[in-house]
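Some notes on the structure that comes next.
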Amino acid sequence: MGGCFRVWQRLAIATLFSAFFVTMLAIPAFSATKKVIFDTDPGTDDAMALMLALNSPELDVRAVTVVPGNVTAKQGLENALRMMSLANRCDIPIAAGAQHPLFQKLITAEFWHGKNGLANIELPPSKCKVDSRYGPDLIIEMVHAAPHEITLVPVGPLTNIALAVEKDPSIVPLVKEVIIMGGSITGGNSTAAAEANIYNDPEAAQIVFQAGWPLTMVGLDVGDKTLFSTKYVEQLGQSHGPVNDFIYQVAHYLIDLAAKFGSDGTPMYDPLAVGVAIDATLVKAPAMHVDVETRGEFTRGETVANRHGAVERNVLHGDRYIIEGLDKVEPNAKVCVDVDADRFLQLFVSRIRGK
Ligand code: BDR
Ligand code: CA
């Protein structure tokens, strides 16, 4: 009897163990949530990116800092406050930052984003209040309070991030990573060479690219492959809620706008940067050295990427230079060159629908 009991006992324990391991296999490997500071110039695709971040359990949005770009700093702050209120997230600090780019006049983009920057959608007045801290100072404070834990996700011009680095360079090794929406290695959208976020503050961008932290560039190259089309927006139309309905309207506005320019869908620039923060396997991003052109007559604001890791060493001999070898160039960025677009767009839809 005792022997029989031990057999049953062993069987029961074995069953329990196998059930436990099967359950463990079914659950994705444990990964801690990423603490994120979202720096934004809201903005239609900024709105989509913000709601993706707030609705994703992988991310813990610690602060929203506002930078001028798509709209003025004042309008951007109002938009951020109203969106955070709509999402019922007044617990997250929302701070104003820079009022203009470092060395040039602000260029705003109501032409693309609607006269209020949010597709002309009038959101209810905000219940959230603005944080009294200055955006770059808030970034500095939060990075020191959680060393090696904060991921910066700037999806507008890089003015706030550059101001934070210039004021306190000691944050650089304490930031976990920086995932920017900006730049391109295959031509621009503001000019033939420059992407809008970089073009709107090239000096700030050069500071951010040269700072020496782990940086991922989510540029036009991949953003243009993530076209949000009617097929996806219709899925959003099947569910309802304040955020769902707002994003549905924003997406409709952008798809209609894209159609006027002969495109089947709207590129998900800013949301993809958040997507990469959620799941870096969505993109292919080889390491490169990137500099920002700040002087070129036709190329100011271009992100110039060295894909070979070297430049020729030209040595002056009399009246000419002779190439004597190659000098190594260290990468300073991972540059996204490809994306699993459908997987990302489905992720976006399901998160906005609250699934
Ligand atoms: C970027 O420029 C802005 O208009 C968008 O919000 C995005 O951040 C794309 O070039
Ligand atoms: Ca933006």
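Identifiers in this document derive from the order of the structure tokens: chains are assigned A, B, ..., residues are numbered from 1 separately in each chain, and ligands are numbered from 1 in order of occurrence.
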
Query - Site check for ligand 1: residues at most 7 Å away, only C-alpha atoms and all ligand atoms, as a ChimeraX atom specification - result: /A:41-46,70,109,155-156,181-182,189,195-197,220,269-270

Just the residues within 9 Å of segment 52-67 of chain A, please, counting only C-alpha atoms, with nothing from its chain fewer than 6 positions along; format it as a short mmCIF file (atom, residue, chain, number, x, y, z; two decimals) with N, CA, C and O atoms, in the first residue's frame.
```
data_model
loop_
_atom_site.label_atom_id
_atom_site.label_comp_id
_atom_site.auth_asym_id
_atom_site.auth_seq_id
_atom_site.Cartn_x
_atom_site.Cartn_y
_atom_site.Cartn_z
N SER A 31 9.69 39.80 -19.25
CA SER A 31 10.51 40.98 -19.56
C SER A 31 9.92 42.16 -18.80
O SER A 31 8.71 42.39 -18.84
N ALA A 32 10.78 42.88 -18.12
CA ALA A 32 10.32 44.00 -17.30
C ALA A 32 9.78 45.09 -18.21
O ALA A 32 10.17 45.20 -19.37
N THR A 33 8.87 45.91 -17.69
CA THR A 33 8.38 47.02 -18.50
C THR A 33 9.50 48.04 -18.66
O THR A 33 10.33 48.21 -17.78
N LYS A 34 9.48 48.70 -19.81
CA LYS A 34 10.48 49.74 -20.09
C LYS A 34 9.95 51.07 -19.61
O LYS A 34 8.84 51.46 -20.00
N LYS A 35 10.75 51.78 -18.84
CA LYS A 35 10.36 53.12 -18.42
C LYS A 35 10.70 54.09 -19.57
O LYS A 35 11.85 54.14 -20.01
N VAL A 36 9.70 54.81 -19.99
CA VAL A 36 9.85 55.62 -21.20
C VAL A 36 9.53 57.08 -20.93
O VAL A 36 8.58 57.39 -20.23
N ILE A 37 10.34 57.98 -21.49
CA ILE A 37 9.95 59.39 -21.56
C ILE A 37 9.64 59.68 -23.03
O ILE A 37 10.48 59.45 -23.90
N PHE A 38 8.43 60.12 -23.27
CA PHE A 38 7.94 60.35 -24.64
C PHE A 38 8.05 61.85 -24.92
O PHE A 38 7.35 62.65 -24.30
N ASP A 39 8.91 62.22 -25.85
CA ASP A 39 9.13 63.63 -26.19
C ASP A 39 8.47 63.87 -27.55
O ASP A 39 8.85 63.24 -28.54
N THR A 40 7.54 64.81 -27.61
CA THR A 40 6.65 64.85 -28.77
C THR A 40 6.27 66.27 -29.21
O THR A 40 6.25 67.19 -28.39
N ASP A 41 5.92 66.39 -30.49
CA ASP A 41 5.41 67.65 -31.04
C ASP A 41 4.00 67.40 -31.61
O ASP A 41 3.79 67.39 -32.81
N PRO A 42 3.04 67.17 -30.74
CA PRO A 42 1.76 66.59 -31.19
C PRO A 42 0.92 67.51 -32.07
O PRO A 42 0.52 68.55 -31.65
N ALA A 73 4.92 75.43 -29.56
CA ALA A 73 5.06 74.81 -28.23
C ALA A 73 3.75 74.92 -27.45
O ALA A 73 3.34 73.98 -26.77
N GLY A 76 1.13 72.57 -28.93
CA GLY A 76 1.57 71.19 -28.66
C GLY A 76 1.28 70.79 -27.22
O GLY A 76 0.83 69.67 -26.95
N LEU A 77 1.51 71.72 -26.30
CA LEU A 77 1.24 71.43 -24.88
C LEU A 77 -0.26 71.21 -24.68
O LEU A 77 -0.68 70.26 -24.00
N ALA A 80 -1.16 67.84 -25.98
CA ALA A 80 -0.68 66.76 -25.10
C ALA A 80 -1.59 66.63 -23.89
O ALA A 80 -1.99 65.52 -23.50
N ALA A 87 -7.17 59.97 -22.43
CA ALA A 87 -6.71 58.62 -22.08
C ALA A 87 -6.81 58.36 -20.57
O ALA A 87 -6.42 57.29 -20.11
N ARG A 89 -5.03 59.66 -18.16
CA ARG A 89 -3.70 59.43 -17.60
C ARG A 89 -3.09 60.73 -17.04
O ARG A 89 -1.93 61.07 -17.31
N ILE A 92 0.45 60.93 -15.16
CA ILE A 92 1.77 61.03 -15.81
C ILE A 92 2.12 62.52 -15.98
O ILE A 92 1.31 63.28 -16.51
N PRO A 93 3.32 62.94 -15.54
CA PRO A 93 3.67 64.36 -15.73
C PRO A 93 3.74 64.74 -17.20
O PRO A 93 4.26 63.98 -18.02
N ILE A 94 3.21 65.92 -17.49
CA ILE A 94 3.22 66.46 -18.86
C ILE A 94 3.91 67.82 -18.76
O ILE A 94 3.39 68.71 -18.06
N ALA A 95 5.04 67.97 -19.40
CA ALA A 95 5.83 69.19 -19.20
C ALA A 95 6.09 69.92 -20.51
O ALA A 95 6.33 69.30 -21.55
N ALA A 96 6.08 71.23 -20.43
CA ALA A 96 6.48 72.06 -21.57
C ALA A 96 8.00 72.07 -21.63
O ALA A 96 8.67 71.90 -20.61
N GLY A 97 8.51 72.26 -22.84
CA GLY A 97 9.97 72.30 -23.00
C GLY A 97 10.39 73.53 -23.77
O GLY A 97 9.89 74.64 -23.54
N ALA A 98 11.30 73.30 -24.73
CA ALA A 98 11.82 74.39 -25.55
C ALA A 98 10.67 75.13 -26.23
O ALA A 98 9.61 74.54 -26.48
N GLN A 99 10.92 76.39 -26.54
CA GLN A 99 9.89 77.18 -27.24
C GLN A 99 10.23 77.37 -28.72
O GLN A 99 9.38 77.79 -29.49
N HIS A 100 11.47 77.04 -29.07
CA HIS A 100 11.90 77.19 -30.47
C HIS A 100 13.15 76.35 -30.68
O HIS A 100 13.82 75.96 -29.71
N PRO A 101 13.51 76.09 -31.94
CA PRO A 101 14.74 75.32 -32.20
C PRO A 101 15.97 76.08 -31.70
O PRO A 101 15.89 77.28 -31.41
N TYR A 134 10.48 72.25 -16.24
CA TYR A 134 10.87 72.48 -17.64
C TYR A 134 11.26 71.12 -18.24
O TYR A 134 12.03 70.36 -17.62
N GLY A 135 10.75 70.80 -19.42
CA GLY A 135 10.94 69.48 -20.02
C GLY A 135 12.36 68.91 -19.93
O GLY A 135 12.56 67.81 -19.39
N PRO A 136 13.38 69.65 -20.42
CA PRO A 136 14.74 69.11 -20.34
C PRO A 136 15.18 68.84 -18.89
O PRO A 136 15.87 67.85 -18.62
N LEU A 138 13.17 68.00 -16.44
CA LEU A 138 12.43 66.80 -16.00
C LEU A 138 13.14 65.54 -16.52
O LEU A 138 13.27 64.55 -15.79
N ILE A 139 13.61 65.62 -17.75
CA ILE A 139 14.35 64.47 -18.31
C ILE A 139 15.59 64.20 -17.45
O ILE A 139 15.84 63.06 -17.02
N MET A 142 14.62 62.71 -14.03
CA MET A 142 14.12 61.33 -14.08
C MET A 142 15.23 60.34 -14.40
O MET A 142 15.24 59.22 -13.90
N ILE A 150 15.87 54.41 -17.99
CA ILE A 150 14.96 55.24 -18.81
C ILE A 150 15.30 55.13 -20.31
O ILE A 150 16.46 55.30 -20.72
N PRO A 154 12.06 60.21 -28.46
CA PRO A 154 11.70 61.50 -29.05
C PRO A 154 11.14 61.30 -30.46
O PRO A 154 11.78 60.66 -31.30
N GLY A 156 9.81 64.09 -32.21
CA GLY A 156 9.73 65.42 -32.81
C GLY A 156 11.17 65.91 -33.03
O GLY A 156 12.13 65.13 -32.90
N PRO A 157 11.34 67.20 -33.30
CA PRO A 157 12.70 67.75 -33.36
C PRO A 157 13.42 67.46 -32.04
O PRO A 157 12.79 67.36 -30.99
N LEU A 158 14.75 67.37 -32.09
CA LEU A 158 15.48 66.87 -30.93
C LEU A 158 15.93 67.96 -29.95
O LEU A 158 16.84 67.75 -29.14
N THR A 159 15.26 69.10 -29.99
CA THR A 159 15.64 70.26 -29.18
C THR A 159 15.68 69.96 -27.68
O THR A 159 16.66 70.28 -27.00
N ASN A 160 14.61 69.37 -27.14
CA ASN A 160 14.57 69.10 -25.69
C ASN A 160 15.67 68.15 -25.27
O ASN A 160 16.28 68.31 -24.21
N PRO A 271 4.47 56.27 -34.56
CA PRO A 271 4.08 55.02 -33.91
C PRO A 271 5.14 53.93 -34.06
O PRO A 271 5.33 53.12 -33.15
N VAL A 274 7.66 53.96 -31.32
CA VAL A 274 7.10 53.31 -30.11
C VAL A 274 7.09 51.79 -30.31
O VAL A 274 7.41 51.03 -29.39
N GLY A 275 6.73 51.37 -31.53
CA GLY A 275 6.74 49.93 -31.83
C GLY A 275 8.10 49.32 -31.58
O GLY A 275 8.21 48.22 -31.02
N ALA A 277 10.32 50.42 -29.50
CA ALA A 277 10.52 50.37 -28.03
C ALA A 277 9.81 49.15 -27.44
O ALA A 277 10.31 48.51 -26.52
N ILE A 278 8.67 48.82 -28.01
CA ILE A 278 7.90 47.65 -27.52
C ILE A 278 8.60 46.36 -27.92
O ILE A 278 8.74 45.44 -27.12
N ASP A 279 9.03 46.30 -29.18
CA ASP A 279 9.56 45.04 -29.71
C ASP A 279 10.58 45.35 -30.81
O ASP A 279 10.20 45.59 -31.96
N PHE A 348 -0.39 47.57 -33.63
CA PHE A 348 -0.96 48.90 -33.38
C PHE A 348 -2.48 48.82 -33.23
O PHE A 348 -3.05 49.32 -32.26
N VAL A 349 -3.12 48.16 -34.18
CA VAL A 349 -4.59 48.07 -34.14
C VAL A 349 -5.05 47.38 -32.87
O VAL A 349 -5.94 47.87 -32.16
N ARG A 351 -3.58 47.07 -30.00
CA ARG A 351 -3.35 47.87 -28.79
C ARG A 351 -4.34 49.03 -28.67
O ARG A 351 -4.84 49.33 -27.59
N ILE A 352 -4.62 49.68 -29.79
CA ILE A 352 -5.56 50.80 -29.73
C ILE A 352 -6.97 50.28 -29.39
O ILE A 352 -7.73 50.94 -28.69
N ARG A 353 -7.27 49.06 -29.86
CA ARG A 353 -8.57 48.47 -29.53
C ARG A 353 -8.62 47.91 -28.11
O ARG A 353 -9.63 47.39 -27.67
N GLY A 354 -7.46 47.98 -27.45
CA GLY A 354 -7.41 47.51 -26.06
C GLY A 354 -7.36 46.01 -25.94
O GLY A 354 -7.76 45.43 -24.94
#
```

**Report entry** For Ala273 of chain A: contacts at 7 Å, only C-alpha atoms, fewer than 6 positions along chain excluded, given as a PyMOL selection string
**Finding:** chain A and resi 179-181+218

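Shortest atom-to-atom contact with ligand 2 among A:Trp112, A:Ile207, A:Arg320, A:Val276: A:Trp112, counting only C-alpha atoms and all ligand atoms.
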
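Compared by their closest atoms to ligand 2, and using only C-alpha atoms and all ligand atoms, the residues A:Pro169, A:Pro242, A:Gly296, A:Pro267 rank with A:Pro267 nearest.
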
Requested in this report: Excluding Ile121 of chain A and residues on its chain fewer than 2 positions from it, collect all residues at most 9 Å away from it, counting only C-alpha atoms, and give them as a ChimeraX atom specification.
Outcome: /A:114,116-119,123,246,249-250
